[in-house]
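Chemist: Sharing a structure below in structure tokens format, with a few things to ask.
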Amino acid sequence: MRSSRLMAIGSLLTIGIVALGLLSCDTVLFRAGQDYFPLVPGSEWRYAVGNDTVTVTVDTAPAVAANRACTRLYRNLAAEYWVKSRTEVLRLYTRIEILPQGEDTIEHRFGRVYELPLVEGATWQVPFKDTLVFLGTDTIFYSHSLTGRVAAIEDVTVPAGEYTDCYRIELAEEIICRDTTRSQWTEWLAPGVGIVKRRSATTEELLASYRKGP
Amino acid sequence: MLSLLLVPALLVAGFDFGGKVGAAFPAGGLASSHTSTAVLGAQAAWSHERIRLELGFGFISLPGQQNSPYQLTLNQLALSCGYEFLHRPNWGLEAWLGPGYAFARRHLGSARETGRAPFVVAGAGVVQHEGRSRLTLGLENCLFVESAAGKPVLSDVISLRAGVAYAF
């Protein structure tokens, strides 16, 4: 009788202390257990871009690209190929240049876009360099680098709703071929959803709806 | 002189101090990006008959999957109340429950995130008493409770632990 009373007091004390602790807790363990780039087959994201809509779907059929098993996404019917492991998310980059002898593929490889797991302050740089020789004498120097930084943890409100514990990722890309192209954009990744917002110098994509695959 | 020696002896009567080692296994959402690791800790406890109050500290450093330089470290402080529901002269079966508070840190290279989370510790195990030594072997679950978007979210770490203590 006495011991059961003590156990009851102990249980109440436990609940009380944990409830008090909740007032001063963070969500670090919640973030540690979340998937910020889910590629569930059949999933669909709809983004509002000005007056237009961009629809991204994950193909249900398995795909192979650049000799690798991967996941195929359709962005407004244009195919993209992605590979996700526990340490990184890769995307297939393909670049075709018009050379004197005709069209030639100068880049066709999976390159890292995100380093996983996402931790605030993390940075990564993915350089790719190649020198192409054509017609025996002429050469083209090609360089493609992507840098990423997990800049902050923020709450984001978009037409699809409010998302907490989003990682704000700043990305910068530089492509040097015959001329140099530089672009910068920022993405917000929400737990269990993926990209909810993307902003570049010219456009802003906001998640309008998300449907997780079966 | 004798009374001076008796005072500290009476003060520590029923108390035991010791350490614990074990293996921790992330469960639920944490299992997708973390692997199992060792647990190290120390505890001080006070026992009376079948009841035992323990203040324990535990350190867990969960590494990331594959060869990632990622780690999640947890420094836990817990106050648990145990009850030996099966008591024999040299051994027994004990269950314990209590609140705790963890200081968590995630790091990937030089990037760091820190946070705090309250948790509930619940466990059960076998206890062996032999003279002044106390040995335990048990299974314990730490259920971390956090609040995300106003909703409680749970994460848990299961550990198999062995402890040794010296009873005064």
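As shown in the structure tokens, the chain order sets the letters A, B, ...; within each chain, residues go from 1, and ligands are also counted from 1 in the order they appear.
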Excluding same-chain residues fewer than 6 positions from segment 38-54 of chain B, what lies within 8 Å of it counting only C-alpha atoms, as a list in words?
Modeler: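 Selected residues are Ser3 of chain A; Gly14, Phe15, Asp16, Phe17, Gly18, Gly19, Lys20, Val21, Gly22, Ala23, Ala24, Ile60, Ser61, Ala78, Leu79, Ser80, Cys81, Gly82, Tyr83, Glu84, Phe85, His87, Ser159 and Arg161 of chain B.
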Chemist: Taking a cut-off of 8 Å and counting only C-alpha atoms, can you build a table that, for each residue of chain B near chain A, reports the nearest atom pair and how far apart they are in Å (one decimal), sorted by chain then residue number, as JSON lines?
Modeler:
```
{"residue": "B:Gly28", "atom": "CA", "partner": "A:Gly33", "partner_atom": "CA", "distance": 7.8}
{"residue": "B:Gly29", "atom": "CA", "partner": "A:Gly33", "partner_atom": "CA", "distance": 4.2}
{"residue": "B:Leu30", "atom": "CA", "partner": "A:Gly33", "partner_atom": "CA", "distance": 4.3}
{"residue": "B:Ala31", "atom": "CA", "partner": "A:Gly33", "partner_atom": "CA", "distance": 7.4}
{"residue": "B:Ser32", "atom": "CA", "partner": "A:Gly33", "partner_atom": "CA", "distance": 6.9}
{"residue": "B:Ser33", "atom": "CA", "partner": "A:Arg86", "partner_atom": "CA", "distance": 6.6}
{"residue": "B:Ile51", "atom": "CA", "partner": "A:Ser3", "partner_atom": "CA", "distance": 7.5}
{"residue": "B:Gln65", "atom": "CA", "partner": "A:Arg86", "partner_atom": "CA", "distance": 6.6}
{"residue": "B:Gln66", "atom": "CA", "partner": "A:Arg86", "partner_atom": "CA", "distance": 7.6}
{"residue": "B:Ser68", "atom": "CA", "partner": "A:Thr87", "partner_atom": "CA", "distance": 6.3}
{"residue": "B:Tyr70", "atom": "CA", "partner": "A:Pro117", "partner_atom": "CA", "distance": 7.5}
{"residue": "B:Cys81", "atom": "CA", "partner": "A:Gly10", "partner_atom": "CA", "distance": 6.5}
{"residue": "B:Tyr83", "atom": "CA", "partner": "A:Ser3", "partner_atom": "CA", "distance": 7.9}
{"residue": "B:Leu97", "atom": "CA", "partner": "A:Ser11", "partner_atom": "CA", "distance": 7.3}
{"residue": "B:Gly98", "atom": "CA", "partner": "A:Thr14", "partner_atom": "CA", "distance": 5.2}
{"residue": "B:Pro99", "atom": "CA", "partner": "A:Thr14", "partner_atom": "CA", "distance": 4.6}
{"residue": "B:Gly100", "atom": "CA", "partner": "A:Val18", "partner_atom": "CA", "distance": 7.3}
{"residue": "B:Tyr101", "atom": "CA", "partner": "A:Gly21", "partner_atom": "CA", "distance": 7.3}
{"residue": "B:Ala104", "atom": "CA", "partner": "A:Val28", "partner_atom": "CA", "distance": 7.1}
{"residue": "B:Arg105", "atom": "CA", "partner": "A:Val28", "partner_atom": "CA", "distance": 7.8}
{"residue": "B:Arg106", "atom": "CA", "partner": "A:Val119", "partner_atom": "CA", "distance": 7.2}
{"residue": "B:His107", "atom": "CA", "partner": "A:Val119", "partner_atom": "CA", "distance": 6.8}
{"residue": "B:Leu108", "atom": "CA", "partner": "A:Val119", "partner_atom": "CA", "distance": 6.6}
{"residue": "B:Gly109", "atom": "CA", "partner": "A:Ala122", "partner_atom": "CA", "distance": 7.5}
{"residue": "B:Ser110", "atom": "CA", "partner": "A:Ala122", "partner_atom": "CA", "distance": 7.2}
{"residue": "B:Ala111", "atom": "CA", "partner": "A:Gly121", "partner_atom": "CA", "distance": 4.7}
{"residue": "B:Arg112", "atom": "CA", "partner": "A:Glu120", "partner_atom": "CA", "distance": 6.4}
{"residue": "B:Glu113", "atom": "CA", "partner": "A:Glu120", "partner_atom": "CA", "distance": 6.2}
{"residue": "B:Thr114", "atom": "CA", "partner": "A:Val28", "partner_atom": "CA", "distance": 6.8}
{"residue": "B:Gly115", "atom": "CA", "partner": "A:Asp26", "partner_atom": "CA", "distance": 5.2}
{"residue": "B:Arg116", "atom": "CA", "partner": "A:Cys25", "partner_atom": "CA", "distance": 5.0}
{"residue": "B:Ala117", "atom": "CA", "partner": "A:Cys25", "partner_atom": "CA", "distance": 4.9}
{"residue": "B:Pro118", "atom": "CA", "partner": "A:Gly21", "partner_atom": "CA", "distance": 5.2}
{"residue": "B:Phe119", "atom": "CA", "partner": "A:Val18", "partner_atom": "CA", "distance": 6.3}
{"residue": "B:Val120", "atom": "CA", "partner": "A:Thr14", "partner_atom": "CA", "distance": 7.0}
{"residue": "B:Val145", "atom": "CA", "partner": "A:Leu22", "partner_atom": "CA", "distance": 7.1}
{"residue": "B:Glu146", "atom": "CA", "partner": "A:Thr27", "partner_atom": "CA", "distance": 5.9}
{"residue": "B:Ser147", "atom": "CA", "partner": "A:Thr27", "partner_atom": "CA", "distance": 6.7}
{"residue": "B:Ala148", "atom": "CA", "partner": "A:Thr27", "partner_atom": "CA", "distance": 6.5}
{"residue": "B:Ala149", "atom": "CA", "partner": "A:Thr164", "partner_atom": "CA", "distance": 6.2}
{"residue": "B:Val153", "atom": "CA", "partner": "A:Phe30", "partner_atom": "CA", "distance": 6.8}
{"residue": "B:Leu154", "atom": "CA", "partner": "A:Phe30", "partner_atom": "CA", "distance": 7.5}
{"residue": "B:Ser155", "atom": "CA", "partner": "A:Leu29", "partner_atom": "CA", "distance": 6.8}
```
Chemist: What's the separation between atom CA of Gly56 of chain B and atom CA of Leu143 of chain B, in Å to one decimal place?
Modeler: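 Value for the atom CA of Gly56 of chain B-atom CA of Leu143 of chain B distance: 15.7 Å.
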Chemist: Just checking: using only C-alpha atoms, which residue out of B:Gly58, B:Gly150, B:Gly92, B:Gly131 ends up closest to Ala167 of chain B?
Modeler: B:Gly131
Chemist: Might you pull out every residue within 8 Å of Asp130 of chain A, with only C-alpha atoms counted and same-chain residues fewer than 6 positions away left off, and present them as a PyMOL selection string?
Modeler: chain A and resi 141-143
Chemist: Between atom CA of Thr60 of chain A and atom CA of Arg91 of chain A, what is the distance, to one decimal in Å?
Modeler: 17.7 Å
Chemist: Check the DSSP output for the backbone and give back, as a ChimeraX atom specification, the residues of chain B in strand (DSSP E).
Modeler: /B:15-27,37-48,51-63,70-87,91-108,111-130,133-148,151-167
Chemist: Excluding same-chain residues fewer than 2 positions from Thr105 of chain A, what lies within 10 Å of it counting only C-alpha atoms, as a ChimeraX atom specification?
Modeler: /A:94-99,103,107-108
Chemist: Create the file for the chosen residues now, containing all heavy atoms and written as a JSON list (two decimals), in the first residue's frame.
Modeler:
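Saved as selection_2.json:
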```
[["chain", "number", "residue", "atom", "x", "y", "z"],
["A", 94, "THR", "N", 23.16, 17.50, -66.51],
["A", 94, "THR", "CA", 23.46, 17.21, -67.92],
["A", 94, "THR", "C", 23.58, 18.54, -68.65],
["A", 94, "THR", "O", 22.70, 19.40, -68.52],
["A", 94, "THR", "CB", 22.35, 16.34, -68.54],
["A", 94, "THR", "OG1", 22.21, 15.15, -67.77],
["A", 94, "THR", "CG2", 22.68, 15.96, -69.98],
["A", 95, "ARG", "N", 24.67, 18.69, -69.37],
["A", 95, "ARG", "CA", 24.85, 19.92, -70.14],
["A", 95, "ARG", "C", 25.34, 19.56, -71.54],
["A", 95, "ARG", "O", 26.31, 18.82, -71.70],
["A", 95, "ARG", "CB", 25.86, 20.84, -69.45],
["A", 95, "ARG", "CG", 25.91, 22.22, -70.05],
["A", 95, "ARG", "CD", 26.88, 23.10, -69.27],
["A", 95, "ARG", "NE", 27.08, 24.36, -69.93],
["A", 95, "ARG", "CZ", 26.37, 25.46, -69.67],
["A", 95, "ARG", "NH1", 25.42, 25.42, -68.77],
["A", 95, "ARG", "NH2", 26.62, 26.58, -70.31],
["A", 96, "ILE", "N", 24.62, 20.07, -72.49],
["A", 96, "ILE", "CA", 24.96, 19.80, -73.89],
["A", 96, "ILE", "C", 25.40, 21.11, -74.54],
["A", 96, "ILE", "O", 24.72, 22.14, -74.40],
["A", 96, "ILE", "CB", 23.76, 19.17, -74.63],
["A", 96, "ILE", "CG1", 23.42, 17.81, -73.99],
["A", 96, "ILE", "CG2", 24.04, 19.01, -76.12],
["A", 96, "ILE", "CD1", 22.08, 17.26, -74.36],
["A", 97, "GLU", "N", 26.54, 21.08, -75.18],
["A", 97, "GLU", "CA", 27.07, 22.28, -75.86],
["A", 97, "GLU", "C", 27.07, 22.05, -77.37],
["A", 97, "GLU", "O", 27.28, 20.92, -77.84],
["A", 97, "GLU", "CB", 28.51, 22.55, -75.39],
["A", 97, "GLU", "CG", 28.61, 23.25, -74.07],
["A", 97, "GLU", "CD", 28.24, 24.72, -74.11],
["A", 97, "GLU", "OE1", 28.75, 25.44, -74.98],
["A", 97, "GLU", "OE2", 27.41, 25.13, -73.25],
["A", 98, "ILE", "N", 26.88, 23.11, -78.10],
["A", 98, "ILE", "CA", 26.96, 23.01, -79.57],
["A", 98, "ILE", "C", 28.39, 23.35, -79.97],
["A", 98, "ILE", "O", 28.87, 24.48, -79.76],
["A", 98, "ILE", "CB", 25.94, 23.94, -80.25],
["A", 98, "ILE", "CG1", 24.54, 23.50, -79.84],
["A", 98, "ILE", "CG2", 26.09, 23.91, -81.77],
["A", 98, "ILE", "CD1", 23.46, 24.51, -80.13],
["A", 99, "LEU", "N", 29.07, 22.34, -80.45],
["A", 99, "LEU", "CA", 30.47, 22.48, -80.86],
["A", 99, "LEU", "C", 30.55, 22.46, -82.38],
["A", 99, "LEU", "O", 29.56, 22.12, -83.05],
["A", 99, "LEU", "CB", 31.29, 21.33, -80.24],
["A", 99, "LEU", "CG", 31.24, 21.23, -78.71],
["A", 99, "LEU", "CD1", 31.92, 19.96, -78.24],
["A", 99, "LEU", "CD2", 31.89, 22.44, -78.06],
["A", 103, "GLU", "N", 26.47, 18.70, -81.69],
["A", 103, "GLU", "CA", 26.15, 18.72, -80.26],
["A", 103, "GLU", "C", 27.02, 17.72, -79.50],
["A", 103, "GLU", "O", 27.29, 16.63, -80.00],
["A", 103, "GLU", "CB", 24.68, 18.33, -80.04],
["A", 103, "GLU", "CG", 23.72, 19.48, -80.29],
["A", 103, "GLU", "CD", 22.31, 19.13, -79.87],
["A", 103, "GLU", "OE1", 22.05, 17.97, -79.54],
["A", 103, "GLU", "OE2", 21.47, 20.04, -79.88],
["A", 107, "GLU", "N", 28.74, 17.53, -69.76],
["A", 107, "GLU", "CA", 28.57, 17.16, -68.35],
["A", 107, "GLU", "C", 27.39, 16.20, -68.25],
["A", 107, "GLU", "O", 26.30, 16.49, -68.75],
["A", 107, "GLU", "CB", 28.33, 18.39, -67.49],
["A", 107, "GLU", "CG", 28.25, 18.07, -66.00],
["A", 107, "GLU", "CD", 27.97, 19.28, -65.13],
["A", 107, "GLU", "OE1", 27.61, 20.34, -65.67],
["A", 107, "GLU", "OE2", 28.10, 19.14, -63.90],
["A", 108, "HIS", "N", 27.63, 15.08, -67.60],
["A", 108, "HIS", "CA", 26.56, 14.11, -67.38],
["A", 108, "HIS", "C", 26.97, 13.30, -66.14],
["A", 108, "HIS", "O", 27.62, 12.28, -66.23],
["A", 108, "HIS", "CB", 26.41, 13.20, -68.60],
["A", 108, "HIS", "CG", 25.22, 12.28, -68.50],
["A", 108, "HIS", "ND1", 23.93, 12.74, -68.50],
["A", 108, "HIS", "CD2", 25.14, 10.93, -68.43],
["A", 108, "HIS", "CE1", 23.11, 11.71, -68.42],
["A", 108, "HIS", "NE2", 23.81, 10.61, -68.36]]
```
Chemist: What is the distance, in Å and to one decimal place, between atom CA of Val58 of chain A and atom CA of Trp45 of chain A?
Modeler: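 Spanning atom CA of Val58 of chain A to atom CA of Trp45 of chain A is a straight-line distance of 9.1 Å.
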Chemist: What are the DSSP helix (DSSP H, G or I) residues of segment 8-77 of chain B, as a PyMOL selection string?
Modeler: chain B and resi 8-11+28-32
Chemist: Grab the residues selected above and save them as a compact mmCIF listing (two decimals), in the first residue's frame with N, CA, C and O atoms.
Modeler:
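And here is the file that came out, part-v2.txt:
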```
# COMPACT_ATOMS: atom_id res chain seq x y z
N PRO B 8 29.48 10.71 9.89
CA PRO B 8 29.44 10.50 8.43
C PRO B 8 28.89 9.14 8.04
O PRO B 8 28.24 9.00 7.02
N ALA B 9 29.15 8.14 8.90
CA ALA B 9 28.64 6.79 8.60
C ALA B 9 27.12 6.79 8.57
O ALA B 9 26.50 6.17 7.70
N LEU B 10 26.51 7.51 9.53
CA LEU B 10 25.04 7.57 9.57
C LEU B 10 24.48 8.39 8.41
O LEU B 10 23.44 8.08 7.85
N LEU B 11 25.25 9.44 8.05
CA LEU B 11 24.79 10.30 6.95
C LEU B 11 24.72 9.56 5.63
O LEU B 11 23.85 9.83 4.81
N GLY B 28 12.62 4.90 -33.34
CA GLY B 28 11.70 5.85 -33.99
C GLY B 28 12.41 6.64 -35.08
O GLY B 28 13.22 6.10 -35.83
N GLY B 29 12.13 7.95 -35.14
CA GLY B 29 12.71 8.80 -36.18
C GLY B 29 14.22 8.90 -36.09
O GLY B 29 14.91 9.03 -37.10
N LEU B 30 14.76 8.83 -34.88
CA LEU B 30 16.22 8.95 -34.71
C LEU B 30 16.97 7.80 -35.36
O LEU B 30 18.13 7.93 -35.74
N ALA B 31 16.29 6.64 -35.49
CA ALA B 31 16.96 5.45 -36.04
C ALA B 31 17.32 5.62 -37.51
O ALA B 31 18.23 4.96 -38.01
N SER B 32 16.63 6.53 -38.22
CA SER B 32 16.88 6.67 -39.65
C SER B 32 18.24 7.31 -39.95
O SER B 32 18.79 7.10 -41.02
```
Chemist: Excluding segment 195-204 of chain A and residues on its chain fewer than 4 positions from it, collect all residues at most 6 Å away from it, counting only C-alpha atoms, and give them as a VMD selection string.
Modeler: chain A and resid 49 185 to 189
Chemist: Once you have the residues from the selection above, write them out as a tab-separated table (two decimals), in the first residue's frame, restricted to C-alpha atoms.
Modeler:
```tsv
chain	number	residue	atom	x	y	z
A	49	VAL	CA	5.28	31.08	-59.16
A	185	TRP	CA	19.07	31.14	-54.67
A	186	THR	CA	17.66	30.29	-51.26
A	187	GLU	CA	15.52	27.31	-50.35
A	188	TRP	CA	13.50	26.49	-47.25
A	189	LEU	CA	13.16	22.78	-46.49
```
Chemist: Smallest atom-to-atom distance to Glu173 of chain A: which of A:Leu132, A:Val193, A:Val113, A:Ile153, using only C-alpha atoms?
Modeler: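 Looking at the shortest contact to Glu173 of chain A, the residue is A:Val113.
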